[in-house]
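For reference, upload-v8.cif (mmCIF, C-alpha atoms):
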data_target
#
loop_
_atom_site.label_atom_id
_atom_site.label_comp_id
_atom_site.auth_asym_id
_atom_site.auth_seq_id
_atom_site.Cartn_x
_atom_site.Cartn_y
_atom_site.Cartn_z
CA MET A 1 27.71 11.83 -10.08
CA ILE A 2 24.82 14.29 -9.96
CA GLN A 3 25.84 15.66 -13.36
CA THR A 4 25.65 12.13 -14.76
CA PHE A 5 22.54 10.64 -13.19
CA PHE A 6 20.49 13.69 -12.16
CA ASN A 7 21.57 16.26 -14.73
CA PRO A 8 19.16 19.23 -14.32
CA GLU A 9 19.46 20.40 -17.94
CA ILE A 10 18.63 16.94 -19.22
CA ILE A 11 15.75 16.60 -16.78
CA VAL A 12 14.27 19.80 -18.23
CA ALA A 13 14.92 18.70 -21.82
CA ALA A 14 13.59 15.16 -21.37
CA TRP A 15 10.59 16.20 -19.24
CA PRO A 16 7.98 16.38 -22.05
CA ILE A 17 9.07 13.04 -23.57
CA VAL A 18 9.10 11.25 -20.22
CA MET A 19 5.73 12.74 -19.28
CA SER A 20 4.14 11.54 -22.51
CA GLY A 21 5.60 8.11 -21.74
CA LEU A 22 4.09 8.24 -18.26
CA TRP A 23 0.71 9.16 -19.73
CA ASN A 24 0.89 6.17 -22.09
CA THR A 25 1.87 3.86 -19.24
CA ILE A 26 -1.20 5.01 -17.31
CA LEU A 27 -3.42 4.54 -20.37
CA LEU A 28 -1.93 1.12 -21.05
CA SER A 29 -2.50 0.07 -17.42
CA LEU A 30 -6.10 1.32 -17.58
CA ILE A 31 -6.63 -0.97 -20.57
CA VAL A 32 -4.72 -4.10 -19.58
CA VAL A 33 -5.80 -4.30 -15.93
CA PRO A 34 -9.56 -4.49 -16.71
CA LEU A 35 -8.76 -6.82 -19.62
CA GLY A 36 -6.84 -9.17 -17.31
CA LEU A 37 -9.57 -8.98 -14.65
CA LEU A 38 -12.16 -9.86 -17.28
CA GLY A 39 -10.09 -12.82 -18.51
CA GLY A 40 -9.58 -13.98 -14.95
CA LEU A 41 -13.25 -13.72 -14.10
CA ILE A 42 -14.20 -15.75 -17.16
CA LEU A 43 -11.68 -18.45 -16.23
CA ALA A 44 -12.82 -18.56 -12.60
CA LEU A 45 -16.51 -18.74 -13.53
CA LEU A 46 -15.75 -21.58 -15.94
CA ALA A 47 -13.78 -23.32 -13.19
CA SER A 48 -16.76 -23.10 -10.86
CA ILE A 49 -18.45 -25.64 -13.16
CA ARG A 50 -16.98 -28.57 -11.28
CA HIS A 51 -16.93 -30.95 -14.19
CA PRO A 52 -13.61 -32.74 -14.84
CA LEU A 53 -13.96 -32.12 -18.58
CA VAL A 54 -14.00 -28.38 -17.87
CA ARG A 55 -11.70 -28.24 -14.87
CA TRP A 56 -8.69 -30.14 -16.24
CA PRO A 57 -8.27 -28.29 -19.56
CA LEU A 58 -8.76 -25.05 -17.64
CA MET A 59 -6.04 -25.94 -15.15
CA ALA A 60 -3.71 -26.84 -18.03
CA TRP A 61 -4.50 -23.51 -19.70
CA VAL A 62 -3.73 -21.56 -16.52
CA ASP A 63 -0.55 -23.52 -15.79
CA PHE A 64 0.59 -23.07 -19.39
CA PHE A 65 0.45 -19.30 -19.12
CA ARG A 66 1.96 -19.35 -15.64
CA ALA A 67 4.93 -21.26 -17.09
CA PHE A 68 5.27 -19.04 -20.16
CA PRO A 69 7.27 -15.82 -19.69
CA PRO A 70 5.08 -12.86 -20.71
CA LEU A 71 7.90 -11.39 -22.79
CA VAL A 72 8.15 -14.59 -24.84
CA LEU A 73 4.40 -14.50 -25.44
CA LEU A 74 4.66 -10.87 -26.49
CA VAL A 75 7.57 -11.49 -28.88
CA LEU A 76 5.80 -14.54 -30.28
CA LEU A 77 2.76 -12.42 -31.14
CA PHE A 78 4.79 -9.46 -32.36
CA ALA A 79 7.45 -11.28 -34.41
CA GLY A 80 5.66 -14.56 -35.16
CA LEU A 81 2.17 -13.56 -36.31
CA PRO A 82 3.36 -11.40 -39.26
CA PHE A 83 4.63 -14.64 -40.84
CA ALA A 84 1.02 -15.84 -40.82
CA GLY A 85 0.03 -12.62 -42.57
CA LEU A 86 -1.27 -10.95 -39.42
CA GLU A 87 0.40 -7.69 -38.44
CA LEU A 88 -1.12 -6.40 -35.23
CA GLY A 89 1.20 -3.67 -34.01
CA GLY A 90 2.83 -3.43 -30.60
CA PHE A 91 -0.15 -2.08 -28.73
CA ALA A 92 -2.58 -4.83 -29.80
CA CYS A 93 0.07 -7.49 -29.09
CA VAL A 94 0.53 -6.15 -25.55
CA ALA A 95 -3.24 -6.20 -25.02
CA ILE A 96 -3.59 -9.81 -26.22
CA ALA A 97 -0.52 -11.07 -24.34
CA PHE A 98 -1.72 -9.42 -21.11
CA PHE A 99 -5.24 -10.77 -21.54
CA LEU A 100 -3.78 -14.30 -21.74
CA ASN A 101 -0.98 -14.00 -19.19
CA THR A 102 -2.39 -11.80 -16.47
CA GLY A 103 -5.84 -13.28 -17.05
CA SER A 104 -4.46 -16.63 -15.90
CA TYR A 105 -3.03 -15.12 -12.74
CA TYR A 106 -6.22 -13.21 -11.96
CA GLY A 107 -8.15 -16.39 -12.73
CA GLU A 108 -6.25 -18.35 -10.09
CA ILE A 109 -6.92 -15.62 -7.54
CA PHE A 110 -10.64 -15.41 -8.31
CA ARG A 111 -10.86 -19.21 -8.19
CA ALA A 112 -9.26 -19.28 -4.74
CA GLY A 113 -11.71 -16.58 -3.68
CA ILE A 114 -14.74 -18.48 -4.95
CA ASP A 115 -13.48 -21.66 -3.26
CA SER A 116 -13.14 -19.76 0.01
CA VAL A 117 -16.88 -19.07 0.18
CA PRO A 118 -18.53 -21.97 2.06
CA ALA A 119 -20.86 -24.18 0.00
CA GLY A 120 -23.64 -23.53 2.50
CA GLN A 121 -23.84 -19.96 1.21
CA VAL A 122 -24.73 -21.13 -2.28
CA GLU A 123 -27.19 -23.67 -0.93
CA ALA A 124 -28.90 -21.05 1.22
CA ALA A 125 -29.01 -18.59 -1.68
CA ARG A 126 -30.41 -21.19 -4.04
CA SER A 127 -33.05 -22.29 -1.56
CA THR A 128 -34.35 -18.74 -1.23
CA GLY A 129 -35.13 -18.92 -4.95
CA LEU A 130 -32.07 -17.24 -6.48
CA SER A 131 -30.90 -18.76 -9.74
CA ARG A 132 -27.41 -20.19 -10.09
CA MET A 133 -26.23 -16.98 -11.80
CA GLN A 134 -27.88 -14.75 -9.22
CA ALA A 135 -26.35 -16.71 -6.36
CA MET A 136 -22.92 -16.33 -7.97
CA ARG A 137 -23.38 -12.65 -8.67
CA TYR A 138 -25.01 -11.43 -5.46
CA VAL A 139 -23.77 -13.89 -2.85
CA VAL A 140 -20.54 -15.66 -3.84
CA LEU A 141 -18.59 -13.10 -5.87
CA PRO A 142 -18.84 -10.15 -3.44
CA GLN A 143 -17.46 -12.32 -0.62
CA ALA A 144 -14.91 -13.98 -2.89
CA VAL A 145 -13.49 -10.65 -4.03
CA ARG A 146 -13.31 -9.35 -0.47
CA ASN A 147 -11.44 -12.47 0.66
CA VAL A 148 -8.75 -12.19 -2.01
CA LEU A 149 -8.47 -8.41 -2.22
CA PRO A 150 -4.78 -8.33 -1.15
CA ASP A 151 -3.88 -10.86 -3.85
CA LEU A 152 -5.85 -8.93 -6.46
CA LEU A 153 -4.04 -5.74 -5.52
CA SER A 154 -0.66 -7.45 -5.52
CA ASN A 155 -1.28 -8.88 -8.98
CA THR A 156 -2.42 -5.49 -10.22
CA LEU A 157 0.88 -4.02 -9.03
CA GLU A 158 2.71 -6.69 -11.02
CA VAL A 159 0.58 -5.94 -14.10
CA VAL A 160 1.36 -2.22 -13.97
CA LYS A 161 5.08 -3.03 -13.64
CA LEU A 162 4.76 -5.47 -16.53
CA THR A 163 3.54 -2.74 -18.90
CA SER A 164 7.24 -1.81 -19.15
CA LEU A 165 7.56 -4.83 -21.48
CA GLY A 166 5.72 -2.73 -24.03
CA SER A 167 9.04 -0.95 -24.63
CA VAL A 168 10.37 -4.11 -26.32
CA VAL A 169 7.70 -3.91 -29.03
CA ALA A 170 7.97 -0.14 -29.47
CA VAL A 171 4.88 0.88 -27.48
CA PRO A 172 5.80 4.44 -26.43
CA GLU A 173 5.30 3.92 -22.69
CA LEU A 174 7.46 5.31 -19.87
CA LEU A 175 10.50 3.02 -20.22
CA TYR A 176 10.50 3.24 -24.03
CA GLU A 177 10.39 7.03 -24.04
CA ALA A 178 13.07 7.21 -21.35
CA ARG A 179 15.37 5.00 -23.42
CA GLN A 180 14.71 7.13 -26.50
CA ALA A 181 15.64 10.24 -24.52
CA GLN A 182 18.75 8.49 -23.17
CA SER A 183 19.99 7.52 -26.64
CA VAL A 184 19.51 11.08 -27.88
CA THR A 185 21.19 12.78 -24.92
CA TYR A 186 23.91 10.15 -24.27
CA ASN A 187 23.05 10.45 -20.61
CA PRO A 188 21.31 8.01 -18.22
CA THR A 189 19.29 10.76 -16.48
CA PRO A 190 16.03 9.99 -18.38
CA ILE A 191 16.13 6.34 -17.27
CA VAL A 192 16.72 7.44 -13.69
CA MET A 193 13.73 9.78 -14.08
CA ALA A 194 11.59 6.87 -15.28
CA ALA A 195 12.72 4.73 -12.33
CA VAL A 196 11.92 7.53 -9.87
CA ILE A 197 8.47 7.99 -11.42
CA TYR A 198 7.69 4.26 -11.22
CA PHE A 199 8.82 4.26 -7.60
CA LEU A 200 6.80 7.33 -6.61
CA ILE A 201 3.64 6.00 -8.24
CA LEU A 202 3.86 2.43 -6.98
CA TRP A 203 5.40 2.93 -3.53
CA PRO A 204 2.09 3.70 -1.76
CA LEU A 205 0.61 0.52 -3.19
CA VAL A 206 3.63 -1.53 -2.07
CA ARG A 207 3.35 -0.09 1.47
CA LEU A 208 -0.35 -0.92 1.63
CA LEU A 209 0.26 -4.42 0.33
CA SER A 210 3.05 -5.19 2.72
CA ARG A 211 0.70 -4.32 5.60
CA LEU A 212 -2.14 -6.43 4.23
CA GLU A 213 0.15 -9.40 3.51
CA ASN A 214 1.77 -9.38 6.92
CA ARG A 215 -1.62 -9.32 8.54
CA ALA A 216 -2.95 -12.12 6.34
CA LEU A 217 0.01 -14.45 6.91
CA ALA A 218 0.21 -13.74 10.63
CA GLY A 219 -3.51 -14.25 11.03
CA ARG A 220 -3.35 -17.74 9.63
CA ARG A 221 -1.76 -19.26 12.71
CA MET B 1 0.16 -26.70 -51.16
CA GLY B 2 -2.80 -26.45 -48.81
CA GLY B 3 -3.20 -23.91 -46.05
CA TRP B 4 -2.21 -26.37 -43.34
CA ASP B 5 0.94 -27.45 -45.17
CA ARG B 6 1.93 -23.85 -45.65
CA PHE B 7 1.33 -23.18 -41.97
CA VAL B 8 3.53 -26.13 -40.93
CA GLU B 9 6.14 -25.17 -43.52
CA THR B 10 6.26 -21.66 -42.04
CA PHE B 11 6.02 -22.21 -38.30
CA PHE B 12 7.47 -25.71 -37.91
CA ASN B 13 9.99 -25.81 -40.73
CA ALA B 14 12.06 -28.96 -40.14
CA LYS B 15 15.15 -27.68 -41.94
CA VAL B 16 15.25 -24.39 -40.03
CA MET B 17 14.55 -26.18 -36.76
CA ALA B 18 17.37 -28.65 -37.30
CA LYS B 19 19.76 -25.83 -38.15
CA TYR B 20 18.99 -23.72 -35.08
CA LEU B 21 18.40 -26.48 -32.51
CA PRO B 22 21.96 -26.20 -31.14
CA ASP B 23 21.47 -22.44 -30.61
CA ILE B 24 18.23 -22.98 -28.72
CA LEU B 25 19.86 -25.69 -26.59
CA SER B 26 22.77 -23.43 -25.70
CA GLY B 27 20.17 -20.77 -24.87
CA MET B 28 18.51 -23.24 -22.53
CA VAL B 29 21.81 -23.77 -20.73
CA VAL B 30 22.21 -20.01 -20.24
CA THR B 31 18.62 -19.70 -19.01
CA ILE B 32 19.14 -22.52 -16.50
CA GLU B 33 22.42 -21.04 -15.24
CA LEU B 34 20.84 -17.63 -14.89
CA ALA B 35 17.74 -19.02 -13.18
CA LEU B 36 19.74 -21.06 -10.64
CA LEU B 37 22.02 -18.12 -9.83
CA ILE B 38 19.02 -15.84 -9.32
CA VAL B 39 17.16 -18.31 -7.10
CA VAL B 40 20.15 -19.16 -4.90
CA THR B 41 21.50 -15.64 -4.41
CA GLY B 42 18.08 -13.96 -4.28
CA LEU B 43 16.65 -16.28 -1.63
CA ALA B 44 19.88 -16.26 0.41
CA ALA B 45 19.98 -12.45 0.39
CA GLY B 46 16.27 -12.26 1.25
CA LEU B 47 16.71 -14.62 4.20
CA ALA B 48 19.79 -12.71 5.36
CA LEU B 49 17.86 -9.42 5.31
CA ALA B 50 14.93 -10.97 7.20
CA LEU B 51 17.31 -12.29 9.86
CA LEU B 52 19.04 -8.90 10.14
CA ARG B 53 15.61 -7.33 10.54
CA SER B 54 14.76 -9.71 13.37
CA LEU B 55 17.58 -8.16 15.42
CA GLY B 56 15.31 -5.14 15.80
CA ILE B 57 17.83 -2.34 15.19
CA ARG B 58 15.60 0.60 14.24
CA PRO B 59 17.68 2.57 11.67
CA LEU B 60 18.83 -0.68 10.06
CA ASN B 61 15.22 -1.88 9.75
CA TRP B 62 14.17 1.37 8.10
CA LEU B 63 16.94 0.91 5.57
CA ILE B 64 15.90 -2.71 4.92
CA ILE B 65 12.25 -1.72 4.49
CA PHE B 66 13.24 1.02 2.06
CA ILE B 67 15.39 -1.32 -0.04
CA VAL B 68 12.64 -3.94 -0.10
CA ASP B 69 10.01 -1.37 -1.10
CA LEU B 70 12.29 0.02 -3.78
CA PHE B 71 12.82 -3.31 -5.50
CA ARG B 72 9.19 -4.26 -5.14
CA SER B 73 7.96 -1.10 -6.84
CA LEU B 74 10.44 -0.90 -9.75
CA PRO B 75 9.67 -3.02 -12.83
CA PRO B 76 12.46 -5.62 -13.25
CA LEU B 77 13.08 -4.49 -16.82
CA VAL B 78 13.71 -0.92 -15.61
CA ILE B 79 16.30 -2.19 -13.10
CA ILE B 80 18.03 -4.27 -15.79
CA VAL B 81 18.10 -1.37 -18.25
CA LEU B 82 19.35 1.01 -15.58
CA MET B 83 22.15 -1.36 -14.62
CA TYR B 84 23.18 -2.20 -18.17
CA PHE B 85 22.81 1.20 -19.86
CA GLY B 86 23.15 3.50 -16.84
CA LEU B 87 25.87 2.08 -14.62
CA PRO B 88 28.63 2.27 -17.28
CA TYR B 89 28.40 6.09 -17.06
CA ALA B 90 29.56 5.80 -13.45
CA GLY B 91 32.40 3.35 -14.12
CA PRO B 92 31.54 -0.32 -13.80
CA SER B 93 30.01 -1.88 -16.91
CA PRO B 94 28.38 -5.18 -15.99
CA SER B 95 27.67 -7.58 -18.86
CA GLY B 96 24.09 -8.31 -19.87
CA PHE B 97 24.27 -11.61 -18.00
CA VAL B 98 25.48 -9.98 -14.79
CA SER B 99 22.96 -7.12 -15.08
CA THR B 100 20.07 -9.55 -15.48
CA TRP B 101 21.31 -11.78 -12.70
CA LEU B 102 21.87 -8.98 -10.19
CA SER B 103 18.62 -7.17 -11.06
CA LEU B 104 16.41 -10.22 -10.73
CA ALA B 105 18.28 -11.44 -7.64
CA LEU B 106 17.63 -8.04 -6.01
CA VAL B 107 13.93 -8.28 -6.90
CA LEU B 108 13.71 -11.82 -5.53
CA MET B 109 15.61 -10.67 -2.43
CA ALA B 110 13.02 -7.96 -1.81
CA PHE B 111 10.01 -10.22 -2.26
CA SER B 112 11.45 -13.13 -0.31
CA GLU B 113 12.56 -10.87 2.57
CA GLU B 114 8.93 -9.77 2.94
CA ILE B 115 7.72 -13.36 2.91
CA PHE B 116 10.41 -14.64 5.31
CA TRP B 117 9.78 -11.70 7.63
CA ALA B 118 6.03 -12.35 7.63
CA GLY B 119 6.82 -15.98 8.45
CA ILE B 120 9.12 -15.07 11.34
CA THR B 121 6.71 -12.54 12.84
CA SER B 122 3.82 -14.98 12.57
CA ILE B 123 5.44 -17.28 15.13
CA HIS B 124 3.95 -16.44 18.49
CA HIS B 125 6.21 -14.47 20.78
CA GLY B 126 5.68 -16.99 23.56
CA GLN B 127 7.74 -19.45 21.54
CA TRP B 128 10.72 -17.08 21.70
CA GLU B 129 10.30 -16.60 25.42
CA ALA B 130 9.82 -20.31 26.12
CA SER B 131 12.88 -21.27 24.06
CA ARG B 132 15.10 -18.63 25.59
CA SER B 133 14.00 -19.56 29.12
CA THR B 134 15.00 -23.20 28.54
CA GLY B 135 18.53 -21.92 27.99
CA LEU B 136 18.71 -21.79 24.18
CA SER B 137 20.72 -18.90 22.80
CA TYR B 138 19.26 -16.34 20.39
CA GLY B 139 20.76 -18.16 17.41
CA GLN B 140 19.61 -21.57 18.60
CA THR B 141 16.08 -20.28 19.14
CA LEU B 142 16.04 -18.76 15.67
CA PHE B 143 17.43 -21.75 13.81
CA ASN B 144 15.90 -24.63 15.78
CA VAL B 145 12.54 -23.24 16.85
CA ILE B 146 11.40 -20.24 14.85
CA LEU B 147 12.73 -20.81 11.32
CA PRO B 148 11.52 -24.42 10.86
CA GLN B 149 7.97 -23.27 11.61
CA ALA B 150 8.31 -20.06 9.62
CA PHE B 151 9.59 -21.89 6.54
CA ARG B 152 6.55 -24.11 6.38
CA LEU B 153 4.33 -21.07 6.34
CA THR B 154 6.32 -19.29 3.68
CA ILE B 155 6.68 -22.08 1.14
CA PRO B 156 3.51 -21.58 -0.95
CA PRO B 157 3.90 -17.80 -1.48
CA LEU B 158 7.65 -18.25 -1.93
CA THR B 159 7.43 -20.86 -4.70
CA ASN B 160 4.94 -18.75 -6.66
CA ARG B 161 7.04 -15.62 -6.40
CA THR B 162 10.25 -17.44 -7.23
CA ILE B 163 8.76 -18.91 -10.43
CA ALA B 164 7.36 -15.55 -11.52
CA ILE B 165 10.72 -13.84 -11.04
CA THR B 166 12.76 -16.66 -12.58
CA LYS B 167 10.63 -16.43 -15.72
CA GLY B 168 12.04 -12.90 -15.96
CA THR B 169 15.31 -14.36 -17.27
CA ALA B 170 13.69 -13.79 -20.70
CA LEU B 171 14.14 -10.05 -20.04
CA GLY B 172 17.87 -10.64 -20.46
CA THR B 173 17.31 -10.65 -24.20
CA VAL B 174 16.84 -6.86 -24.03
CA VAL B 175 20.45 -6.51 -22.84
CA ALA B 176 21.85 -9.05 -25.31
CA VAL B 177 22.02 -12.11 -23.05
CA THR B 178 22.12 -15.21 -25.26
CA GLU B 179 19.39 -17.05 -23.37
CA ILE B 180 16.51 -18.87 -25.08
CA LEU B 181 14.55 -15.85 -26.27
CA GLY B 182 17.70 -14.04 -27.41
CA GLN B 183 18.89 -17.06 -29.40
CA ALA B 184 15.43 -17.60 -30.89
CA SER B 185 15.01 -13.95 -31.89
CA SER B 186 18.36 -13.74 -33.65
CA ALA B 187 17.68 -17.07 -35.38
CA VAL B 188 14.36 -15.67 -36.66
CA SER B 189 16.05 -12.62 -38.12
CA ASN B 190 18.79 -14.76 -39.70
CA SER B 191 16.46 -17.33 -41.23
CA TYR B 192 13.44 -15.10 -42.01
CA ASN B 193 11.38 -17.88 -40.50
CA PRO B 194 9.47 -18.02 -37.19
CA SER B 195 10.23 -21.69 -36.47
CA PRO B 196 13.08 -20.91 -34.02
CA LEU B 197 10.64 -18.80 -32.02
CA MET B 198 8.29 -21.77 -31.77
CA MET B 199 11.22 -23.89 -30.59
CA GLY B 200 12.10 -21.24 -28.03
CA ALA B 201 8.52 -21.21 -26.79
CA ALA B 202 8.62 -24.99 -26.50
CA ALA B 203 11.91 -24.76 -24.59
CA TYR B 204 10.33 -22.46 -22.00
CA ILE B 205 7.41 -24.84 -21.59
CA VAL B 206 9.80 -27.79 -21.16
CA LEU B 207 11.72 -25.88 -18.48
CA PHE B 208 8.96 -24.17 -16.57
CA PHE B 209 5.82 -26.29 -16.93
CA PRO B 210 7.14 -29.05 -14.61
CA VAL B 211 8.10 -26.36 -12.09
CA VAL B 212 4.62 -24.84 -12.15
CA VAL B 213 3.00 -28.26 -11.72
CA ALA B 214 5.39 -29.05 -8.86
CA ALA B 215 4.53 -25.70 -7.27
CA ARG B 216 0.83 -26.51 -7.44
CA TRP B 217 1.55 -29.80 -5.69
CA ILE B 218 3.67 -28.10 -3.01
CA GLU B 219 0.96 -25.52 -2.52
CA THR B 220 -1.66 -28.14 -1.70
CA LYS B 221 0.76 -30.13 0.42
CA PHE B 222 1.75 -27.19 2.59
CA ALA B 223 -1.64 -25.49 2.60
CA TRP B 224 -2.86 -24.63 6.07
CA LYS B 225 -6.07 -26.26 6.99
CA ARG B 226 -8.51 -23.79 8.37
#
Translate the structure of the given file into structure tokens.
Amino acid sequence: MIQTFFNPEIIVAAWPIVMSGLWNTILLSLIVVPLGLLGGLILALLASIRHPLVRWPLMAWVDFFRAFPPLVLLVLLFAGLPFAGLELGGFACVAIAFFLNTGSYYGEIFRAGIDSVPAGQVEAARSTGLSRMQAMRYVVLPQAVRNVLPDLLSNTLEVVKLTSLGSVVAVPELLYEARQAQSVTYNPTPIVMAAVIYFLILWPLVRLLSRLENRALAGRR
Amino acid sequence: MGGWDRFVETFFNAKVMAKYLPDILSGMVVTIELALLIVVTGLAAGLALALLRSLGIRPLNWLIIFIVDLFRSLPPLVIIVLMYFGLPYAGPSPSGFVSTWLSLALVLMAFSEEIFWAGITSIHHGQWEASRSTGLSYGQTLFNVILPQAFRLTIPPLTNRTIAITKGTALGTVVAVTEILGQASSAVSNSYNPSPLMMGAAAYIVLFFPVVVAARWIETKFAWKR
């Protein structure tokens, strides 16, 4: 059992490959998380214009990407766009797909946050002479973000986990490199290594979240 | 031929679409089967774990918390790959369908256990004491007093999580499950035409868009007024 799944020789041999995969996963996360946050913020700010002509198409946009599996979006970009003469490469496809998909999720969270700030706050801010933008930036957003921080963190955890989809379009992140190492060594140890690394990195975040969520749900009664 | 015609000819080619429609439809059946299996087993297992946890047996609870944390922190695709490519080295070789089903059911179990547990603990302890003192047994208290209230609280987070995980059935394509994406991808490589992929995308929208809209409705219906 140990020889098969935790083979020390293979751990040593696969270490550099798996580590370079880990590094790419971290890099990828550092790119796609801010990208998703940016997309979400844009969507939420647009949604704060409470005009039906803005709100309904926006809701349809968000629901569309909530209904669409991220992997399908990724494959569509990666395998479909070349037929239109546009070859983007795995990395760019991941970035675009994440901007659209996770942006929609972040957008919903930001929107809920902005809605949670009482209207009186905006009115008070506006009456002290702040412009609409200033009121949003200095009064509404800071409170909105604080109110939905657990949801933002939870979505970020999902986004980091989702970077493993990059392996399907040959982005050399942790899972991809582990699978490469597995197919060379004919041994599942590298995949187990990848799983252990994901677990060690994300466990603290999961612990923190589970505390925050329990508190939030219990506090609602 | 103008640019638009060429675009339609490439991405919405009627001939290719007609040829591969049966494949996409059979993919839809597999996706639905997989999704239903995941939802039913995942939620049942999650509820079972939450109920076990409510018994308050320390070592058992630590084990449950560890399992839940494990499946919350591992990416679903990693679990699927591990099960499909790793497990055969130890003996059992589950098919792609079974690997995807079990992996996603375990993930849904972990997330739903957390949500059910939060629901159960959010019911004030006085309710337990009051119910037990009127002569209800532990089981009666749980099923007739605590759970009905807990469920109401858990429905919005639960529907969202369930949809997100069920969408993961597309991951099955990595381990050769013939669901929508798998069928569409192989049709693209057979026909050298992206139209099947567009059909596949449409199939996902047909399946999941109504669910997302329904979830939004449920969310507002069960929202707690502050």
Tell me which protein, DNA and RNA residues are within 7 Å of region 52-64 of chain A, counting only C-alpha atoms, leaving out same-chain ones fewer than 5 positions away, and put them as a list of chain:residue names.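 My list of contacting residues is A:Ala47, A:Ser104, B:Phe209, B:Val212.
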Between B:Thr178, B:Gln127, B:Ser186, B:Thr121, which has the minimum distance to chain A (counting only C-alpha atoms)?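 Selected residue with least distance to chain A: B:Thr121.
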Using all atoms listed in the file, find each residue in chain A having at least one atom no more than 6 Å away from chain B; report its shortest atom-to-atom pair and that distance in Å (one decimal), rows by chain then rising number, as CSV.
residue,atom,partner,partner_atom,distance
A:Ala67,CA,B:Phe208,CA,5.0
A:Pro69,CA,B:Lys167,CA,5.2
A:Gly80,CA,B:Pro194,CA,5.5
A:Lys161,CA,B:Pro75,CA,4.7
A:Pro188,CA,B:Gly86,CA,5.1
A:Phe199,CA,B:Ser73,CA,5.5
A:Leu202,CA,B:Ser73,CA,5.4
A:Trp203,CA,B:Ser73,CA,5.8
A:Asn214,CA,B:Ala118,CA,5.2
A:Ala218,CA,B:Ser122,CA,4.3
With distances taken over all atoms listed in the file, which of A:Gln3, A:Gln180, A:Ser154, A:Thr163 is nearest to Leu208 (chain A)? A:Ser154
Between A:Leu149, A:Val117, A:Val169, A:Ile11, which residue has the minimum interatomic distance to Leu77 (chain A), considering only C-alpha atoms?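 Answer, going by the shortest atom-to-atom distance: A:Val169.
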What do you get, as a short mmCIF file (atom, residue, chain, number, x, y, z; two decimals) with C-alpha atoms, keeping the file's coordinate frame, if you spell out every residue that the PyMOL selection byres ((chain B and resi 222) around 8) selects here?
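Heads up, here's the output in selection.cif:
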data_model
loop_
_atom_site.label_atom_id
_atom_site.label_comp_id
_atom_site.auth_asym_id
_atom_site.auth_seq_id
_atom_site.Cartn_x
_atom_site.Cartn_y
_atom_site.Cartn_z
CA ARG B 152 6.55 -24.11 6.38
CA LEU B 153 4.33 -21.07 6.34
CA ILE B 155 6.68 -22.08 1.14
CA PRO B 156 3.51 -21.58 -0.95
CA ILE B 218 3.67 -28.10 -3.01
CA GLU B 219 0.96 -25.52 -2.52
CA THR B 220 -1.66 -28.14 -1.70
CA LYS B 221 0.76 -30.13 0.42
CA ALA B 223 -1.64 -25.49 2.60
CA TRP B 224 -2.86 -24.63 6.07
#
Tell me, as number ranges by chain, which residues lie within 6 Å of region 29-35 of chain B, counting only C-alpha atoms; anything in the same chain fewer than 3 positions away does not count. B: 26, 38, 166, 179
Within 9 Å of (20.5, -20.9, -35.9), only C-alpha atoms: residues as an MDAnalysis selection string? chainID B and resid 16:24 183:184 186:188 190:191 196
Could you write out that same residue set with C-alpha atoms as a compact mmCIF listing (two decimals), in the frame of the given file?
# COMPACT_ATOMS: atom_id res chain seq x y z
CA VAL B 16 15.25 -24.39 -40.03
CA MET B 17 14.55 -26.18 -36.76
CA ALA B 18 17.37 -28.65 -37.30
CA LYS B 19 19.76 -25.83 -38.15
CA TYR B 20 18.99 -23.72 -35.08
CA LEU B 21 18.40 -26.48 -32.51
CA PRO B 22 21.96 -26.20 -31.14
CA ASP B 23 21.47 -22.44 -30.61
CA ILE B 24 18.23 -22.98 -28.72
CA GLN B 183 18.89 -17.06 -29.40
CA ALA B 184 15.43 -17.60 -30.89
CA SER B 186 18.36 -13.74 -33.65
CA ALA B 187 17.68 -17.07 -35.38
CA VAL B 188 14.36 -15.67 -36.66
CA ASN B 190 18.79 -14.76 -39.70
CA SER B 191 16.46 -17.33 -41.23
CA PRO B 196 13.08 -20.91 -34.02
To test your reading of the syntax: which residues would the PyMOL selection byres ((chain A and resi 19-23) around 7) return for the file shown? Reply as a count of residues only. 12
Can you work out the spacing between CA of Pro92 (chain B) and CA of Ser183 (chain A) in Å, to one decimal?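 The value is 19.0 Å.
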To one decimal in Å, tell me the separation between CA of Met136 (chain A) and CA of Leu152 (chain A).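 About the pair CA of Met136 (chain A) and CA of Leu152 (chain A): they are 18.7 Å apart.
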For this file, the PyMOL selection byres ((chain B and resi 43) around 8) selects which residues, as number ranges by chain? B: 39-42, 44-47, 105, 108-109, 112-113
Interatomic distance (Å, one decimal) between CA of Gly103 (chain A) and CA of Ser48 (chain A): 15.9 Å
